[in-house]
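Asks: My file is target-v3.pdb. It has PDB, C-alpha atoms and all ligand atoms:
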```pdb
ATOM      1  CA  MET A1191    -149.498  41.385  99.177
ATOM      2  CA  THR A1192    -147.950  39.521 102.080
ATOM      3  CA  GLY A1193    -144.384  40.268 101.057
ATOM      4  CA  VAL A1194    -143.578  36.560 100.819
ATOM      5  CA  VAL A1195    -141.575  35.707  97.697
ATOM      6  CA  THR A1196    -141.068  32.065  96.664
ATOM      7  CA  ARG A1197    -139.780  30.448  93.529
ATOM      8  CA  PHE A1198    -139.855  27.240  91.533
ATOM      9  CA  ALA A1199    -136.432  26.648  90.027
ATOM     10  CA  PRO A1200    -136.343  23.616  87.746
ATOM     11  CA  SER A1201    -133.376  22.555  85.645
ATOM     12  CA  PRO A1202    -134.562  21.993  82.057
ATOM     13  CA  THR A1203    -132.607  18.776  81.653
ATOM     14  CA  GLY A1204    -135.656  16.539  81.234
ATOM     15  CA  PRO A1205    -139.433  16.653  81.278
ATOM     16  CA  LEU A1206    -141.114  17.549  84.566
ATOM     17  CA  HIS A1207    -142.765  14.670  86.415
ATOM     18  CA  LEU A1208    -145.127  14.317  89.354
ATOM     19  CA  GLY A1209    -142.398  15.146  91.887
ATOM     20  CA  HIS A1210    -141.726  18.456  90.166
ATOM     21  CA  ALA A1211    -145.454  19.201  90.097
ATOM     22  CA  TYR A1212    -145.569  18.670  93.851
ATOM     23  CA  ALA A1213    -142.565  20.968  94.430
ATOM     24  CA  ALA A1214    -144.048  23.681  92.218
ATOM     25  CA  ILE A1215    -147.422  23.458  94.005
ATOM     26  CA  ARG A1216    -145.772  23.688  97.430
ATOM     27  CA  ALA A1217    -143.784  26.795  96.453
ATOM     28  CA  HIS A1218    -146.745  28.394  94.691
ATOM     29  CA  ASP A1219    -149.244  27.761  97.493
ATOM     30  CA  HIS A1220    -146.783  28.911 100.159
ATOM     31  CA  ALA A1221    -146.859  32.355  98.558
ATOM     32  CA  ARG A1222    -150.280  32.571  96.976
ATOM     33  CA  GLY A1223    -152.530  29.896  98.435
ATOM     34  CA  ALA A1224    -154.233  27.072  96.536
ATOM     35  CA  ALA A1225    -156.548  29.497  94.778
ATOM     36  CA  GLY A1226    -153.604  31.507  93.457
ATOM     37  CA  GLY A1227    -155.181  34.663  94.784
ATOM     38  CA  ALA A1228    -153.684  37.881  96.090
ATOM     39  CA  GLY A1229    -150.875  36.958  98.373
ATOM     40  CA  GLY A1230    -147.179  36.729  98.005
ATOM     41  CA  THR A1231    -145.143  36.460  94.855
ATOM     42  CA  PHE A1232    -144.335  33.197  93.063
ATOM     43  CA  LEU A1233    -141.379  33.323  90.664
ATOM     44  CA  LEU A1234    -140.197  30.905  87.989
ATOM     45  CA  ARG A1235    -136.453  30.567  87.481
ATOM     46  CA  ILE A1236    -134.971  28.304  84.830
ATOM     47  CA  GLU A1237    -131.736  26.787  86.154
ATOM     48  CA  ASP A1238    -130.105  26.249  82.773
ATOM     49  CA  ILE A1239    -126.540  26.746  83.947
ATOM     50  CA  ASP A1240    -125.606  23.328  82.597
ATOM     51  CA  GLY A1241    -125.438  24.166  78.900
ATOM     52  CA  THR A1242    -124.626  20.621  77.865
ATOM     53  CA  ARG A1243    -127.735  19.076  79.464
ATOM     54  CA  SER A1244    -130.306  21.903  79.257
ATOM     55  CA  ARG A1245    -132.781  21.815  76.351
ATOM     56  CA  GLU A1246    -135.058  24.570  75.013
ATOM     57  CA  GLU A1247    -137.867  22.061  74.472
ATOM     58  CA  HIS A1248    -137.890  21.368  78.210
ATOM     59  CA  VAL A1249    -138.068  25.108  79.008
ATOM     60  CA  ALA A1250    -141.190  25.368  76.863
ATOM     61  CA  GLY A1251    -142.573  22.191  78.448
ATOM     62  CA  ILE A1252    -142.056  23.555  81.980
ATOM     63  CA  MET A1253    -144.123  26.649  81.204
ATOM     64  CA  GLN A1254    -146.883  24.595  79.595
ATOM     65  CA  ASP A1255    -146.916  22.160  82.529
ATOM     66  CA  LEU A1256    -147.229  24.954  85.111
ATOM     67  CA  ALA A1257    -150.067  26.598  83.193
ATOM     68  CA  TRP A1258    -151.788  23.200  82.904
ATOM     69  CA  LEU A1259    -151.507  22.717  86.679
ATOM     70  CA  GLY A1260    -153.086  26.150  87.177
ATOM     71  CA  LEU A1261    -149.915  27.694  88.605
ATOM     72  CA  ALA A1262    -149.334  31.243  87.336
ATOM     73  CA  TRP A1263    -145.974  32.809  88.076
ATOM     74  CA  ASP A1264    -145.273  36.515  88.562
ATOM     75  CA  GLY A1265    -142.995  38.718  86.509
ATOM     76  CA  PRO A1266    -140.383  37.760  83.961
ATOM     77  CA  VAL A1267    -138.829  34.288  83.938
ATOM     78  CA  VAL A1268    -135.200  34.523  85.010
ATOM     79  CA  ARG A1269    -132.744  32.215  83.272
ATOM     80  CA  GLN A1270    -129.433  31.417  84.881
ATOM     81  CA  SER A1271    -127.733  31.295  81.492
ATOM     82  CA  GLN A1272    -128.278  35.069  81.336
ATOM     83  CA  ARG A1273    -126.777  35.765  84.752
ATOM     84  CA  LEU A1274    -123.216  34.612  84.224
ATOM     85  CA  GLY A1275    -121.806  38.066  85.034
ATOM     86  CA  ALA A1276    -123.286  37.928  88.536
ATOM     87  CA  TYR A1277    -121.709  34.514  89.171
ATOM     88  CA  GLU A1278    -118.344  35.662  87.836
ATOM     89  CA  ALA A1279    -118.422  38.719  90.110
ATOM     90  CA  ALA A1280    -119.094  36.538  93.159
ATOM     91  CA  LEU A1281    -116.299  34.168  92.183
ATOM     92  CA  ALA A1282    -113.954  37.145  91.845
ATOM     93  CA  THR A1283    -114.888  38.311  95.366
ATOM     94  CA  LEU A1284    -114.246  34.888  96.852
ATOM     95  CA  ARG A1285    -111.008  34.482  94.898
ATOM     96  CA  ALA A1286    -109.776  37.874  96.097
ATOM     97  CA  GLY A1287    -110.480  36.733  99.651
ATOM     98  CA  GLY A1288    -108.234  33.704  99.145
ATOM     99  CA  LEU A1289    -111.187  31.326  99.513
ATOM    100  CA  LEU A1290    -111.034  29.554  96.127
ATOM    101  CA  TYR A1291    -108.502  27.320  94.463
ATOM    102  CA  PRO A1292    -108.404  25.739  91.001
ATOM    103  CA  CYS A1293    -108.920  21.986  90.806
ATOM    104  CA  PHE A1294    -107.630  20.071  87.800
ATOM    105  CA  CYS A1295    -108.786  16.628  88.941
ATOM    106  CA  THR A1296    -110.977  14.427  86.807
ATOM    107  CA  ARG A1297    -113.654  12.251  88.412
ATOM    108  CA  ALA A1298    -111.339   9.293  87.964
ATOM    109  CA  ASP A1299    -108.473  11.160  89.699
ATOM    110  CA  ILE A1300    -110.741  11.876  92.655
ATOM    111  CA  ALA A1301    -111.957   8.301  92.933
ATOM    112  CA  ALA A1302    -108.379   7.020  92.709
ATOM    113  CA  SER A1303    -106.827   9.478  95.158
ATOM    114  CA  ALA A1304    -109.313   8.965  97.980
ATOM    115  CA  SER A1305    -107.462   6.255  99.882
ATOM    116  CA  ALA A1306    -110.083   6.210 102.627
ATOM    117  CA  PRO A1307    -113.080   7.594 100.705
ATOM    118  CA  HIS A1308    -115.148   9.893 102.825
ATOM    119  CA  HIS A1309    -118.791  10.473 101.938
ATOM    120  CA  GLY A1310    -120.638  13.698 102.652
ATOM    121  CA  PRO A1311    -124.229  14.767 101.970
ATOM    122  CA  ASP A1312    -123.394  15.174  98.249
ATOM    123  CA  GLY A1313    -121.381  11.987  97.777
ATOM    124  CA  LEU A1314    -117.621  11.576  97.826
ATOM    125  CA  VAL A1315    -115.858  14.384  99.690
ATOM    126  CA  TYR A1316    -112.992  15.822  97.661
ATOM    127  CA  PRO A1317    -109.710  14.645  99.194
ATOM    128  CA  GLY A1318    -108.057  18.032  98.643
ATOM    129  CA  THR A1319    -105.434  16.965  96.105
ATOM    130  CA  CYS A1320    -105.195  20.284  94.255
ATOM    131  CA  ARG A1321    -105.101  22.352  97.436
ATOM    132  CA  HIS A1322    -101.514  21.363  97.876
ATOM    133  CA  LEU A1323    -100.258  22.297  94.420
ATOM    134  CA  GLY A1324     -97.528  24.935  94.438
ATOM    135  CA  ALA A1325     -98.254  28.337  92.890
ATOM    136  CA  ALA A1326     -95.826  27.719  90.022
ATOM    137  CA  GLU A1327     -97.488  24.431  89.104
ATOM    138  CA  VAL A1328    -100.940  26.045  89.206
ATOM    139  CA  GLU A1329     -99.721  28.803  86.904
ATOM    140  CA  ARG A1330     -98.133  26.298  84.527
ATOM    141  CA  ARG A1331    -101.331  24.257  84.235
ATOM    142  CA  ILE A1332    -103.560  27.312  83.766
ATOM    143  CA  ALA A1333    -101.188  28.709  81.121
ATOM    144  CA  ALA A1334    -101.252  25.309  79.392
ATOM    145  CA  GLY A1335    -105.050  25.481  79.293
ATOM    146  CA  VAL A1336    -105.647  22.449  81.534
ATOM    147  CA  PRO A1337    -109.411  22.431  82.268
ATOM    148  CA  HIS A1338    -110.168  23.251  85.888
ATOM    149  CA  ALA A1339    -112.984  23.817  88.319
ATOM    150  CA  TRP A1340    -112.860  26.271  91.243
ATOM    151  CA  ARG A1341    -113.352  24.867  94.719
ATOM    152  CA  LEU A1342    -114.116  26.590  97.994
ATOM    153  CA  ALA A1343    -111.345  26.156 100.579
ATOM    154  CA  MET A1344    -113.893  25.016 103.140
ATOM    155  CA  ASP A1345    -111.814  25.340 106.320
ATOM    156  CA  ARG A1346    -110.807  28.917 105.506
ATOM    157  CA  ALA A1347    -114.378  29.775 104.484
ATOM    158  CA  VAL A1348    -115.843  28.357 107.708
ATOM    159  CA  ALA A1349    -113.238  30.193 109.774
ATOM    160  CA  ALA A1350    -113.984  33.455 107.961
ATOM    161  CA  ALA A1351    -117.749  33.131 108.406
ATOM    162  CA  GLY A1352    -117.895  31.839 111.998
ATOM    163  CA  PRO A1353    -120.792  29.751 113.366
ATOM    164  CA  LEU A1354    -123.925  29.899 111.221
ATOM    165  CA  GLY A1355    -127.528  28.812 111.446
ATOM    166  CA  TRP A1356    -130.730  29.086 109.484
ATOM    167  CA  THR A1357    -134.408  28.361 110.004
ATOM    168  CA  ASP A1358    -136.573  25.689 108.478
ATOM    169  CA  LEU A1359    -140.235  26.593 108.953
ATOM    170  CA  ALA A1360    -141.125  22.939 109.606
ATOM    171  CA  ALA A1361    -138.011  21.491 111.245
ATOM    172  CA  GLY A1362    -137.035  24.569 113.254
ATOM    173  CA  PRO A1363    -133.622  26.166 113.856
ATOM    174  CA  GLN A1364    -130.704  24.463 112.105
ATOM    175  CA  VAL A1365    -126.995  24.609 112.843
ATOM    176  CA  ALA A1366    -125.147  24.862 109.521
ATOM    177  CA  ASP A1367    -122.438  22.276 108.973
ATOM    178  CA  PRO A1368    -121.118  23.102 105.494
ATOM    179  CA  ALA A1369    -117.778  21.457 106.314
ATOM    180  CA  ALA A1370    -119.472  18.061 105.888
ATOM    181  CA  PHE A1371    -119.473  18.760 102.127
ATOM    182  CA  GLY A1372    -115.726  19.344 101.949
ATOM    183  CA  ASP A1373    -114.263  21.702  99.344
ATOM    184  CA  VAL A1374    -117.369  22.138  97.175
ATOM    185  CA  VAL A1375    -117.108  23.130  93.517
ATOM    186  CA  LEU A1376    -118.354  26.672  92.871
ATOM    187  CA  ALA A1377    -117.412  26.909  89.188
ATOM    188  CA  ARG A1378    -117.398  23.733  87.155
ATOM    189  CA  LYS A1379    -115.075  22.815  84.323
ATOM    190  CA  ASP A1380    -118.044  22.683  81.981
ATOM    191  CA  ALA A1381    -120.265  25.361  83.552
ATOM    192  CA  PRO A1382    -119.410  28.871  84.774
ATOM    193  CA  ALA A1383    -121.058  28.312  88.173
ATOM    194  CA  SER A1384    -122.197  25.356  90.229
ATOM    195  CA  TYR A1385    -125.721  24.852  91.510
ATOM    196  CA  HIS A1386    -124.701  25.975  95.026
ATOM    197  CA  LEU A1387    -123.304  29.308  93.862
ATOM    198  CA  ALA A1388    -125.951  30.170  91.270
ATOM    199  CA  VAL A1389    -128.924  29.289  93.483
ATOM    200  CA  THR A1390    -127.605  31.338  96.407
ATOM    201  CA  ILE A1391    -126.896  34.420  94.320
ATOM    202  CA  ASP A1392    -130.180  34.251  92.439
ATOM    203  CA  ASP A1393    -132.375  33.748  95.494
ATOM    204  CA  ALA A1394    -130.827  36.912  96.932
ATOM    205  CA  ALA A1395    -130.979  38.873  93.663
ATOM    206  CA  GLN A1396    -134.656  37.998  93.188
ATOM    207  CA  GLY A1397    -135.583  38.928  96.750
ATOM    208  CA  VAL A1398    -136.762  35.419  97.613
ATOM    209  CA  THR A1399    -137.890  35.485 101.247
ATOM    210  CA  ASP A1400    -139.002  31.843 101.595
ATOM    211  CA  VAL A1401    -137.175  29.048  99.791
ATOM    212  CA  VAL A1402    -139.630  26.143  99.451
ATOM    213  CA  ARG A1403    -138.029  23.011  98.033
ATOM    214  CA  GLY A1404    -137.638  19.280  98.570
ATOM    215  CA  ARG A1405    -136.165  17.636 101.631
ATOM    216  CA  ASP A1406    -133.299  16.252  99.517
ATOM    217  CA  LEU A1407    -131.790  19.751  99.562
ATOM    218  CA  MET A1408    -132.011  20.241 103.342
ATOM    219  CA  ARG A1409    -128.267  19.918 103.995
ATOM    220  CA  ALA A1410    -127.307  21.811 100.820
ATOM    221  CA  THR A1411    -128.800  24.813 102.605
ATOM    222  CA  ASP A1412    -125.804  24.703 104.975
ATOM    223  CA  VAL A1413    -123.543  25.486 102.011
ATOM    224  CA  HIS A1414    -125.905  28.191 100.775
ATOM    225  CA  ARG A1415    -125.943  29.789 104.235
ATOM    226  CA  LEU A1416    -122.141  29.852 104.224
ATOM    227  CA  LEU A1417    -122.050  31.497 100.789
ATOM    228  CA  GLN A1418    -124.581  34.098 101.970
ATOM    229  CA  ALA A1419    -122.273  34.954 104.872
ATOM    230  CA  LEU A1420    -119.179  35.167 102.659
ATOM    231  CA  LEU A1421    -120.891  37.288 100.009
ATOM    232  CA  GLY A1422    -122.900  39.542 102.357
ATOM    233  CA  LEU A1423    -126.274  38.274 101.107
ATOM    234  CA  PRO A1424    -129.509  38.104 103.123
ATOM    235  CA  THR A1425    -130.705  34.749 104.495
ATOM    236  CA  PRO A1426    -134.232  33.684 103.576
ATOM    237  CA  VAL A1427    -136.267  31.236 105.655
ATOM    238  CA  TYR A1428    -136.579  27.724 104.253
ATOM    239  CA  ARG A1429    -139.289  25.099 104.038
ATOM    240  CA  HIS A1430    -138.009  21.715 102.934
ATOM    241  CA  HIS A1431    -141.013  19.615 102.023
ATOM    242  CA  ALA A1432    -141.712  15.889 101.674
ATOM    243  CA  LEU A1433    -140.576  14.013  98.602
ATOM    244  CA  LEU A1434    -142.793  11.819  96.497
ATOM    245  CA  LEU A1435    -141.726   8.196  96.307
ATOM    246  CA  GLY A1436    -142.238   5.822  93.404
ATOM    247  CA  PRO A1437    -143.740   2.328  93.579
ATOM    248  CA  ASP A1438    -140.282   0.964  94.474
ATOM    249  CA  GLY A1439    -140.132   3.213  97.547
ATOM    250  CA  THR A1440    -137.323   5.394  96.215
ATOM    251  CA  ARG A1441    -137.505   9.066  95.356
ATOM    252  CA  LEU A1442    -139.654   9.699  92.340
ATOM    253  CA  ALA A1443    -137.712   9.933  89.109
ATOM    254  CA  LYS A1444    -138.241   9.010  85.525
ATOM    255  CA  ARG A1445    -136.462   5.706  86.043
ATOM    256  CA  ASN A1446    -138.998   4.445  88.607
ATOM    257  CA  GLY A1447    -141.984   5.217  86.477
ATOM    258  CA  ALA A1448    -142.764   8.838  87.340
ATOM    259  CA  PRO A1449    -145.155   9.909  84.617
ATOM    260  CA  ALA A1450    -144.031  12.984  82.675
ATOM    261  CA  LEU A1451    -146.504  15.835  83.105
ATOM    262  CA  GLY A1452    -146.319  16.465  79.354
ATOM    263  CA  ASP A1453    -147.598  12.940  78.685
ATOM    264  CA  LEU A1454    -150.509  13.361  81.109
ATOM    265  CA  ARG A1455    -151.284  16.712  79.498
ATOM    266  CA  ALA A1456    -151.195  15.190  76.008
ATOM    267  CA  ALA A1457    -153.462  12.360  77.172
ATOM    268  CA  GLY A1458    -156.088  14.950  78.069
ATOM    269  CA  GLU A1459    -155.822  14.694  81.857
ATOM    270  CA  ASP A1460    -157.064  17.630  83.915
ATOM    271  CA  GLY A1461    -153.993  19.381  85.361
ATOM    272  CA  ARG A1462    -155.892  21.445  87.913
ATOM    273  CA  ALA A1463    -157.627  18.341  89.236
ATOM    274  CA  LEU A1464    -154.253  16.612  89.487
ATOM    275  CA  ALA A1465    -152.844  19.619  91.385
ATOM    276  CA  ASP A1466    -155.766  19.485  93.814
ATOM    277  CA  SER A1467    -155.221  15.755  94.354
ATOM    278  CA  LEU A1468    -151.564  16.361  95.161
ATOM    279  CA  ARG A1469    -152.553  19.158  97.555
ATOM    280  CA  ALA A1470    -154.920  16.770  99.308
ATOM    281  CA  GLY A1471    -152.220  14.097  99.534
ATOM    282  CA  ARG A1472    -154.038  11.832  97.094
ATOM    283  CA  LEU A1473    -151.336  10.263  94.996
ATOM    284  CA  PRO A1474    -151.767   7.963  92.010
ATOM    285  CA  LEU A1475    -151.842   4.272  92.911
ATOM    286  CA  GLY A1476    -148.454   2.978  94.012
ATOM    287  CA  PHE A1477    -146.974   6.410  94.807
ATOM    288  CA  ALA A1478    -146.297   7.672  98.320
ATOM    289  CA  ALA A1479    -144.828  10.701 100.093
ATOM    290  CA  THR A1480    -142.235  10.910 102.837
ATOM    291  CA  SER A1481    -143.703  12.381 106.003
ATOM    292  CA  ALA A1482    -143.965  16.173 106.455
TER     293      ALA A1482
HETATM  294  N1  LIG B   1    -132.527  23.415  89.924
HETATM  295  C1  LIG B   1    -132.643  22.727  91.159
HETATM  296  C2  LIG B   1    -133.349  21.393  90.938
HETATM  297  O1  LIG B   1    -134.037  21.255  89.941
HETATM  298  C3  LIG B   1    -133.421  23.610  92.111
HETATM  299  C4  LIG B   1    -133.209  23.300  93.503
HETATM  300  C5  LIG B   1    -133.717  24.403  94.441
HETATM  301  O2  LIG B   1    -134.927  24.619  94.481
HETATM  302  O3  LIG B   1    -132.892  25.033  95.084
HETATM  303  O4  LIG B   1    -133.193  20.480  91.715
END
```
As a first step, turn the structure in this file into C-alpha cells.

Replies:
Amino acid sequence: MTGVVTRFAPSPTGPLHLGHAYAAIRAHDHARGAAGGAGGTFLLRIEDIDGTRSREEHVAGIMQDLAWLGLAWDGPVVRQSQRLGAYEAALATLRAGGLLYPCFCTRADIAASASAPHHGPDGLVYPGTCRHLGAAEVERRIAAGVPHAWRLAMDRAVAAAGPLGWTDLAAGPQVADPAAFGDVVLARKDAPASYHLAVTIDDAAQGVTDVVRGRDLMRATDVHRLLQALLGLPTPVYRHHALLLGPDGTRLAKRNGAPALGDLRAAGEDGRALADSLRAGRLPLGFAATSA
C-alpha cells in the first residue's frame, strides 16, 4: 500500500460517457496503476445529493461501466444521499460562526437584480441582494416558509481563513482565490448541500489524499480549500487532468455525440481495450484531449 487514496465521484444524473471513463481511469491509475495492482486505494462515491435529477438506474450503470472498463474500487460505495447529517453539522458550524445567510432569490431575481452582471468561474456572481435583508424580514420569510438557500458570506469567510493555497501535482502551487466565486451556495433550496460543501466534507471523511479530477474543476478547488480552512479539515493534493473534447471542439458531453459507455458495452465492445486506448491517448476518430 502506498497510502494514496483517490476517488471517482460521479453524479448519477445521466449515463457515463467517454469523458467519465477517462476521469475514472485517471483517478484509478493514480492510486493503483494501469494493472490495478497493489498500490493505493481507489474509492467510488455516488454524488446523488440532487434528489430530483439522480436516478437509481444510473447508479447501477456506473458500477457496470467501471467493471467493464476493468476498474475495481475498494471498500463500500459511499452515497451522498446517506450523509446528510454530516452536511447539516458543517452548515451548523458555519452558521454559528456567522458565515452563512439565507437567500430567498429565484434565478430570475438574480438575473434581474444584477445591474452590471459580474461573471465568476461558475457563472453569474450573486449580487448579494439577500445579504442586506434585516433580521426581522429574514425571520418573517423563514416563518412564512419561503424557500431559501444558504450562502457563504464570502468576504467574512475569506477574512476568517486568511490567505490560502493548495498544490496541483501538474500545475504546481496555487494561490486560492475563492472570492472570485462570490457568495457561493452551500445548501440549495432543493438539496440539503451544494456540490462544493458535500465534496469537501466527503473527501476529508473518506481520507482522500489525492483528488484526481478534470481541469474544469481547477478553480472550484479554491472554494474547497476555503471550506477546509473554515471547517478544520485536512487539505489533499490535487491533480486536475485534461478534458476530452468532442468533434465540435467543446468539452465532451452527451449533446456533442459522446457515446454512452452503456451503449458501447451493450454493443459488445471490449471495455478493457477501450480503457487501454484512453490510457495511451488513442481517442475514437474525431475526439481530442486538451493538453496535460
Ligand atoms: N460529482 C462531480 C461531477 O460529476 C464530481 C466532481 C469531483 O470529482 O469533485 O462532476

Asks: Taking the file above as input, evaluate the PyMOL selection byres (((not hetatm)) within 8 of (chain B and resi 1)) and report the hits as a list in words.

Replies: Arg1197, Phe1198, Ala1199, Pro1200, Ser1201, Pro1202, Ile1236, Glu1237, Tyr1385, Val1389, Val1401, Val1402, Arg1403, Gly1404 and Leu1407 of chain A

Asks: Have a look at A:Gly1230, A:Pro1426, A:Pro1292, A:Pro1363 and name the one nearest to Gly1324 in chain A; count only C-alpha atoms.

Replies: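 Checking each of A:Gly1230, A:Pro1426, A:Pro1292, A:Pro1363 against Gly1324 in chain A, counting only C-alpha atoms, the winner is A:Pro1292.
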
Asks: Apply the PyMOL selection byres (((chain A and resi 1209) around 9) and not hetatm) to the displayed file and report the matching residues as a ChimeraX atom specification.

Replies: /A:1206-1208,1210-1214,1433-1435,1441-1443,1448

Asks: My list of candidates is A:Gly1204, A:Ile1391, A:Arg1245, A:Gly1355. Which is closest to Arg1273 in chain A when distances are computed with only C-alpha atoms?

Replies: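 Of all the options, A:Ile1391 lies closest to Arg1273 in chain A.
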
Asks: Could you work out how far CA of Arg1472 in chain A lies from CA of Ala1225 in chain A, giving the answer in Å with one decimal?

Replies: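 The value is 18.0 Å.
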
Asks: Just so the selection is clear, what residues does the PyMOL selection byres (((chain A and resi 1252-1260) around 8) and not hetatm) cover here, as a PyMOL selection string?

Replies: chain A and resi 1202+1205-1206+1211+1214+1248-1251+1261-1262+1451-1452+1455+1460-1465

Asks: With all atoms listed in the file as the basis for distance, which of A:Pro1266, A:Gly1193, A:Gly1397, A:Gly1476 is at the shortest distance from Gly1439 in chain A?

Replies: A:Gly1476
